[in-house]
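Undergrad: Got a structure here, written out as structure tokens. Questions coming.
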Amino acid sequence: MTIGTPSTSPIETGPIETGPIETGPIETGTPPIPLPPIPLMALFLKFLRFGALAFGGPVAQIAMLRQALVDEEGWIEKARFNRLLAVLQVLPGPEAHELCVHMGMIARGRIGGLLAGLGFMLPGFLLMLAAGWVYVTWVAGDAELSGVLLGVQIVVLAIIFRAVVRIGEHIVENWLLGLIAVASLVVTLAGVPFWLPLAMGGLAYAVSHRPVATTLTVVGTIGLAIVLHAHGHAPPPLLTKDTAHVPVTVFALFLAGLKGGLLTFGGAYTAIPYVRADTVGRGWIGDAAFLDGIAIAGVLPAPLVIFATFVGYVTNGTAGALAITAGMFLPAFAFSLVLFEKLEALVENPAFHRILEGVAAAVVGIIAATFLQLGHATSTRISGHMVAIALFAAALSFVWRVKGPWVTPAIIAAGGAMGWALF
């Protein structure tokens, strides 16, 4: 989601876009509109239908919710919806899902919020669970499909690269934020723990109006990174093939999803590096299968973070899929169900804005580093293959120039067809 003042437009996190979401002016103090009673089952089925139609990424999903619940049914006034969306844009997690949770709360309290959120995510979750089963049972290891999967992985890299640029354009608004992003890229490639660039970025930008404090923050961060490496506390860079295999546990998958859910600043693509570090980085799944999961998520009616369900299933079956999905979506439920009123006050704090802006810039660097790592892993399978480079360039040109809800499914299908024909 977008980091900044509550009136900014959201970041479009993928190649799919139907135009920016206009949040409009934020008006405070708008009283809620009384709604006619709606049975809990009817509420659940309404949001289940929304989930089944949630194609096209966050912009299309939010537009669907706005038209149905604000314009047609009048659940809340437009000004209040704008204010709600503005608050959710500064929080981690898929904002369309968080909107569903809050709209369910408006209708039937916290139980309504829980049912609305479950209904919205259930179609995508079940479809991804089925996709994971098909992948593990029939697709993975099939030599005849290896070319198809390789073609898909190449075009998904192009989609991720475009997302990195788009997110960066919205977040990196000055030279200091750019410097934070570059520093985060470097230290991530060096293998420092993920929390270090996030803390560095948030603190450095929060005190950027004080040169001495900024200098001390940067110097202290560099010193801490050196100490961590000297004592072996930093994980090895994921660019290497020497990552030791760590036994898979359901709890570890839950934590991997929770980390991704808490750190999705800038949109769903920002969950990729954290989930990858805790799964690919531990030897539980390969980069090729990881990219396949992202590709499948791009064509399902669900937030892109549903790729975590695929990763969990491939690594540890149904239990793993349930655990990592629960971790990924828990923050999206919790922020609306428990903390929304307090967060409304918190996001009005300018100092908090600056911390989030610095963290978001660091996340841009982390995503860029992950793109390089995924690209390196894929390039080892196609070393020197000019056709693969041409396919990546063509896919990148396409997602750069063409917009619409059909772009991601079309380019993934085209990548699979080209991979089957060429590799």
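Following the order of the structure tokens, first chain is A, next is B, and so on, with residues numbered from 1 inside each chain and ligands from 1 in the order they appear.
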Extract, using only C-alpha atoms, all DNA, RNA and protein residues at most 9 Å from A:Val187, discarding same-chain residues fewer than 4 positions from it, and format them as a PyMOL selection string.
TA: chain A and resi 182-183+191-193+196-197+225+366
Undergrad: Pull C-alpha atoms from the residues just selected and write them as a short mmCIF file (atom, residue, chain, number, x, y, z; two decimals), in the first residue's frame.
TA:
```
data_model
loop_
_atom_site.label_atom_id
_atom_site.label_comp_id
_atom_site.auth_asym_id
_atom_site.auth_seq_id
_atom_site.Cartn_x
_atom_site.Cartn_y
_atom_site.Cartn_z
CA VAL A 182 19.93 1.67 -2.85
CA ALA A 183 21.49 0.98 0.55
CA GLY A 191 22.73 -11.18 3.30
CA VAL A 192 22.03 -9.00 6.34
CA PRO A 193 18.83 -9.76 8.32
CA LEU A 196 18.19 -4.09 9.55
CA PRO A 197 17.47 -2.19 6.31
CA ALA A 225 25.84 -5.03 9.81
CA ILE A 366 14.62 -5.38 -0.78
#
```
Undergrad: May I have the residues within 6 Å of stretch 60-76 of chain A as a PyMOL selection string, using only C-alpha atoms and disregarding those fewer than 3 positions away in the same chain?
TA: chain A and resi 33+54+56-57+96
Undergrad: Restrict the selected residues to C-alpha atoms and save them as a JSON list (two decimals), in the first residue's frame.
TA:
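That gives us again-v2.json:
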```json
[["chain", "number", "residue", "atom", "x", "y", "z"],
["A", 33, "ILE", "CA", -25.41, 5.33, 7.82],
["A", 54, "ALA", "CA", -11.93, -10.52, -7.58],
["A", 56, "GLY", "CA", -7.70, -7.77, -11.98],
["A", 57, "GLY", "CA", -5.63, -6.81, -8.96],
["A", 96, "ALA", "CA", -9.16, -4.87, -0.73]]
```
Undergrad: Could you name the residues that touch A:Gly151 at 9 Å or less, counting only C-alpha atoms, but leaving out those on the same chain fewer than 3 positions away, as a list of chain:residue names?
TA: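 Result of the neighbour search: A:Ser146, A:Gly147, A:Val148, A:Ile154, A:Val155, A:Val156, A:Ala388, A:Leu391, A:Phe392, A:Ile412, A:Ala414, A:Gly415, A:Gly416, A:Ala417, A:Met418, A:Gly419, A:Trp420, A:Leu422, A:Phe423.
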Undergrad: Expressed in Å to a single decimal, how great is the separation between atom CA of A:Ile38 and atom CA of A:Ala334?
TA: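 These atoms are spaced 22.9 Å apart.
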Undergrad: Name all residues at most 9 Å from A:Ile324 (count only C-alpha atoms; drop same-chain ones fewer than 3 positions away) and give them as a PyMOL selection string.
TA: chain A and resi 250-258+308-309+311-313+319-321+327-329
Undergrad: Which is closest to A:Val152 among A:Ala361, A:Leu396, A:Ala295, A:Leu330, if we use only C-alpha atoms?
TA: A:Ala295
Undergrad: Measuring between only C-alpha atoms, which one of A:Val363, A:Ala107, A:Leu115, A:Val314 shows the shortest distance to A:Tyr274?
TA: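 Going through A:Val363, A:Ala107, A:Leu115, A:Val314 one by one, the smallest distance to A:Tyr274 is for A:Val363.
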Undergrad: Measuring between only C-alpha atoms, which one of A:Val207, A:Ala421, A:Ala116, A:Val387 shows the shortest distance to A:Ile355?
TA: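 Among the listed residues, the smallest separation from A:Ile355 belongs to A:Val207.
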Undergrad: Go through A:Ile296, A:Val338, A:Val134, A:Ala206 and flag the residue nearest A:Ile411, using only C-alpha atoms for the distances.
TA: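 Checking each of A:Ile296, A:Val338, A:Val134, A:Ala206 against A:Ile411, counting only C-alpha atoms, the winner is A:Ile296.
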Undergrad: Using only C-alpha atoms, determine which residues lie at most 12 Å from A:Trp175, disregarding the query and same-chain residues fewer than 4 positions distant; provide the list as a PDB file with all heavy atoms, in the first residue's frame.
TA:
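Result file out-v4.pdb:
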```
ATOM      1  N   ILE A 171       7.061   5.734  -4.318  1.00  0.00           N
ATOM      2  CA  ILE A 171       7.619   5.846  -2.973  1.00  0.00           C
ATOM      3  C   ILE A 171       8.871   6.705  -2.929  1.00  0.00           C
ATOM      4  O   ILE A 171       9.041   7.538  -2.036  1.00  0.00           O
ATOM      5  CB  ILE A 171       7.920   4.434  -2.411  1.00  0.00           C
ATOM      6  CG1 ILE A 171       6.601   3.714  -2.102  1.00  0.00           C
ATOM      7  CG2 ILE A 171       8.789   4.499  -1.163  1.00  0.00           C
ATOM      8  CD1 ILE A 171       6.775   2.303  -1.606  1.00  0.00           C
ATOM      9  N   LEU A 179      18.473   7.036  -1.786  1.00  0.00           N
ATOM     10  CA  LEU A 179      19.674   6.514  -1.141  1.00  0.00           C
ATOM     11  C   LEU A 179      19.338   5.369  -0.193  1.00  0.00           C
ATOM     12  O   LEU A 179      20.049   4.357  -0.138  1.00  0.00           O
ATOM     13  CB  LEU A 179      20.375   7.644  -0.376  1.00  0.00           C
ATOM     14  CG  LEU A 179      21.693   7.292   0.317  1.00  0.00           C
ATOM     15  CD1 LEU A 179      22.722   6.828  -0.709  1.00  0.00           C
ATOM     16  CD2 LEU A 179      22.224   8.489   1.097  1.00  0.00           C
ATOM     17  N   ILE A 180      18.225   5.502   0.536  1.00  0.00           N
ATOM     18  CA  ILE A 180      17.793   4.430   1.428  1.00  0.00           C
ATOM     19  C   ILE A 180      17.474   3.168   0.630  1.00  0.00           C
ATOM     20  O   ILE A 180      17.850   2.051   1.022  1.00  0.00           O
ATOM     21  CB  ILE A 180      16.569   4.887   2.243  1.00  0.00           C
ATOM     22  CG1 ILE A 180      16.970   5.963   3.262  1.00  0.00           C
ATOM     23  CG2 ILE A 180      15.917   3.697   2.966  1.00  0.00           C
ATOM     24  CD1 ILE A 180      15.793   6.614   3.960  1.00  0.00           C
ATOM     25  N   ALA A 181      16.798   3.330  -0.509  1.00  0.00           N
ATOM     26  CA  ALA A 181      16.460   2.168  -1.339  1.00  0.00           C
ATOM     27  C   ALA A 181      17.715   1.474  -1.855  1.00  0.00           C
ATOM     28  O   ALA A 181      17.812   0.243  -1.830  1.00  0.00           O
ATOM     29  CB  ALA A 181      15.566   2.604  -2.500  1.00  0.00           C
ATOM     30  N   VAL A 182      18.687   2.258  -2.322  1.00  0.00           N
ATOM     31  CA  VAL A 182      19.930   1.668  -2.850  1.00  0.00           C
ATOM     32  C   VAL A 182      20.697   0.960  -1.734  1.00  0.00           C
ATOM     33  O   VAL A 182      21.210  -0.152  -1.910  1.00  0.00           O
ATOM     34  CB  VAL A 182      20.798   2.756  -3.512  1.00  0.00           C
ATOM     35  CG1 VAL A 182      22.175   2.200  -3.876  1.00  0.00           C
ATOM     36  CG2 VAL A 182      20.103   3.292  -4.758  1.00  0.00           C
ATOM     37  N   TYR A 205      15.138   8.275   7.833  1.00  0.00           N
ATOM     38  CA  TYR A 205      14.249   9.271   7.242  1.00  0.00           C
ATOM     39  C   TYR A 205      13.485  10.042   8.314  1.00  0.00           C
ATOM     40  O   TYR A 205      13.176  11.218   8.133  1.00  0.00           O
ATOM     41  CB  TYR A 205      13.276   8.602   6.275  1.00  0.00           C
ATOM     42  CG  TYR A 205      12.680   9.579   5.299  1.00  0.00           C
ATOM     43  CD1 TYR A 205      13.486  10.217   4.355  1.00  0.00           C
ATOM     44  CD2 TYR A 205      11.330   9.884   5.307  1.00  0.00           C
ATOM     45  CE1 TYR A 205      12.962  11.132   3.467  1.00  0.00           C
ATOM     46  CE2 TYR A 205      10.790  10.791   4.418  1.00  0.00           C
ATOM     47  CZ  TYR A 205      11.617  11.414   3.500  1.00  0.00           C
ATOM     48  OH  TYR A 205      11.093  12.335   2.609  1.00  0.00           O
ATOM     49  N   SER A 208      15.829  12.773   9.345  1.00  0.00           N
ATOM     50  CA  SER A 208      16.587  13.365   8.236  1.00  0.00           C
ATOM     51  C   SER A 208      16.699  14.880   8.332  1.00  0.00           C
ATOM     52  O   SER A 208      17.586  15.482   7.719  1.00  0.00           O
ATOM     53  CB  SER A 208      15.938  12.985   6.903  1.00  0.00           C
ATOM     54  OG  SER A 208      14.591  13.445   6.848  1.00  0.00           O
ATOM     55  N   GLY A 358      10.298   5.989   5.137  1.00  0.00           N
ATOM     56  CA  GLY A 358      11.637   5.421   5.115  1.00  0.00           C
ATOM     57  C   GLY A 358      11.618   3.905   5.029  1.00  0.00           C
ATOM     58  O   GLY A 358      12.411   3.303   4.294  1.00  0.00           O
ATOM     59  N   ALA A 361      10.752   2.908   1.468  1.00  0.00           N
ATOM     60  CA  ALA A 361      11.899   3.035   0.556  1.00  0.00           C
ATOM     61  C   ALA A 361      12.855   1.858   0.722  1.00  0.00           C
ATOM     62  O   ALA A 361      13.393   1.338  -0.263  1.00  0.00           O
ATOM     63  CB  ALA A 361      12.626   4.360   0.815  1.00  0.00           C
TER      64      ALA A 361
END
```
Undergrad: Looking at only C-alpha atoms, which of A:Phe333, A:Thr264, A:Ala271, A:Ser379 is the one that sits closest to A:Leu91?
TA: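 Selected residue with least distance to A:Leu91: A:Thr264.
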Undergrad: Show me, as an MDAnalysis selection string, the residues that have an atom within 12 Å of A:Leu43 when counting only C-alpha atoms, minus same-chain residues fewer than 6 positions from it.
TA: chainID A and resid 36:37 49:50 69 100:101 103:109 111:120
Undergrad: When you look at A:Val364 with a cut-off of 12 Å (counting only C-alpha atoms), what residues show up, excluding the ones that are within fewer than 3 positions of it in the same chain? I need them as a PyMOL selection string.
TA: chain A and resi 2-3+13+160-161+163-172+177-186+188+197-198+201+263-267+269-273+357-361+367-371
Undergrad: Taking only C-alpha atoms into account, which of A:Val87, A:Ala79, A:Phe310, A:Leu337 comes nearest A:Tyr135?
TA: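 For A:Tyr135, the nearest of the given residues is A:Phe310.
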